[in-house]
Amino acid sequence: MNFPYQFFIALRYFKAKKRHKGISINTLISIGGVALGVMALIVVLSVMGGFHEDLQKKILGANAHIVVLNYGGRIQNYEPLREKINGIQGVKYSSPFIFGQVMLSFGERAFGVIVRGIKPEQEADTTDILKYLKDGSVKGLKKDNLEVPGIIIGRELARNLGLLIGDEVRMISPTGDIGPLGMIPRMKKFKVAGIFEIGMYEYDSNLAIINIHDAQDFFRFGDAITGFEVKVNNVDNSAAIADKIETALGPPYYAKDWMQMNRNLFSALKLEKLVMFIILVLIVLVASFNIISNLIMIVIEKSREVAIIRAMGATSRGVMSIFMIHGIAIGIIGTLLGLAGGYITCYLLKTYKFINLPPDIYYLSYLPVRMSLFDFIVVPATAIIISFLATIYPSWQAARLNPVEPLRYE
């Protein structure tokens, strides 16, 4: 198979003359710059994608896909409504819950937490929070006329309060009954039946779970509930199904999907990923300046050879293509090296998780990674396009060389 002469000449220019060793070093620097930019882009985008995926997994592990609430605050006679919700297309299951803010006290320590009252047998079909139990059992939540009802708390909350399985903790409500001396805080003892660990500090330190009947007694709800947790067949269609639920139930009921409830967090992550992509593309742009300077130096060094090629009948377009092929080859080699380095780095981060994070700051305990085929296509394409654009000016200059000038004094 015969290749055009431009390919052979362009590849020969990777090896400079002995008296001009700096040219080949500059080529290596140009390749390294592109490789570093591509590698940085791959790693950062994969880490940002990992943050998004891990946060989504943990948020959906602790919460339902959709929450149905009442503008009035409480929902009476909820079973017919629940059956209506379950009959809506796209809904997989639903369960009632009670939501409230309380203070948990043990010894001299006290922390404000969010308590969620659930039906354990239905919660398992709606959320995955009970799958995160590390100690104890969900059996302690079941209503069996226990003298002291059970409670499940997060790992960080257990550490903050110094609680172990079987310890009794006091639950104190900010609102209470009116007595002769004013408001008397409502208080009740619960026994720690289980400890869960989602891996997200926000939930592990601020969430407690009790039986829905105990929550109704404590908050004086009677037979009412706060709302419904809804699980859907396709999490990506949560918003559309939430609209269907609102339409089916009508006022005063409304539904919020998981993206709507965490809109600020995911919008910030999306914006941050876009900004990081733009910033890191600048690294590839800087590397492209190395390609430009390298090609200009090669044009100067090879001006006599270019003149000989022109004298032998090469066209301006042929000369231009030589230097464009050389520059694009630098971009492709650097891109392939960057892809390999980025993939290896992401694989090591994902497999060994050797970078730990403070969970109270970053929500996560390690650096997550999600390698996306889209990123592995867009990043190399961007790098190669930038490398191609960087070759245009030096190649054009080489094509404009007058073959007479370099050969005049030979």
# chains A, B, ... in the order shown; residues from 1 in each chain; ligands from 1
>>> residues_around(residues="stretch 199-203 of chain A", least_positions_apart="6", cutoff="12 Å", atoms="only C-alpha atoms", output="NGL selection string")
:A and (51 or 54-63 or 113-116 or 129 or 132-134 or 153-158 or 209 or 357-366 or 368)
>>> residues_around(residues="A:Ile322", least_positions_apart="4", cutoff="8 Å", atoms="only C-alpha atoms", output="list in words")
Gln6, Phe7, Ile9, Ala10, Gly318, His326 and Ser395 of chain A
>>> closest_residue(among="A:Ile385, A:Met259, A:Leu348, A:Ile330", to="A:Met371", atoms="only C-alpha atoms")
A:Leu348
>>> atom_distance(atom1="atom CA of A:Arg400", atom2="atom CA of A:Met297")
15.3 Å
>>> atom_distance(atom1="atom CA of A:Gly72", atom2="atom CA of A:Ser95")
19.2 Å
>>> residues_around(residues="A:Asn294", least_positions_apart="5", cutoff="12 Å", atoms="only C-alpha atoms", output="ChimeraX atom specification")
/A:13-14,16,22-31,287-289,299-301,323-324,326-327,330,390-391,393-395
>>> closest_residue(among="A:Asp135, A:Asp236, A:Glu272, A:Glu168", to="A:Phe190", atoms="only C-alpha atoms")
A:Glu168
>>> select_by_dssp(residues="stretch 217-252 of chain A", states="strand (DSSP E)", output="list in words")
Gly227, Phe228, Glu229, Val230, Lys231 and Val232 of chain A
>>> write_last_selection(atoms="N, CA and C atoms", output="mmCIF file, in the first residue's frame")
data_model
loop_
_atom_site.group_PDB
_atom_site.id
_atom_site.type_symbol
_atom_site.label_atom_id
_atom_site.label_comp_id
_atom_site.auth_asym_id
_atom_site.auth_seq_id
_atom_site.Cartn_x
_atom_site.Cartn_y
_atom_site.Cartn_z
ATOM 1 N N GLY A 227 -47.509 12.441 54.982
ATOM 2 C CA GLY A 227 -47.581 12.282 53.531
ATOM 3 C C GLY A 227 -47.247 10.870 53.106
ATOM 4 N N PHE A 228 -46.984 10.716 51.787
ATOM 5 C CA PHE A 228 -46.678 9.407 51.211
ATOM 6 C C PHE A 228 -45.301 9.446 50.560
ATOM 7 N N GLU A 229 -44.577 8.366 50.712
ATOM 8 C CA GLU A 229 -43.347 8.140 49.951
ATOM 9 C C GLU A 229 -43.708 7.258 48.763
ATOM 10 N N VAL A 230 -43.248 7.650 47.581
ATOM 11 C CA VAL A 230 -43.629 6.933 46.367
ATOM 12 C C VAL A 230 -42.367 6.471 45.633
ATOM 13 N N LYS A 231 -42.376 5.202 45.243
ATOM 14 C CA LYS A 231 -41.302 4.645 44.423
ATOM 15 C C LYS A 231 -41.837 4.413 43.025
ATOM 16 N N VAL A 232 -41.059 4.830 41.999
ATOM 17 C CA VAL A 232 -41.517 4.715 40.614
ATOM 18 C C VAL A 232 -40.674 3.678 39.876
#
>>> select_by_dssp(residues="stretch 2-240 of chain A", states="helix (DSSP H, G or I)", output="ChimeraX atom specification")
/A:5-12,18-62,79-86,120-123,129-132,138-141,155-161,201-204,212-218,235-240
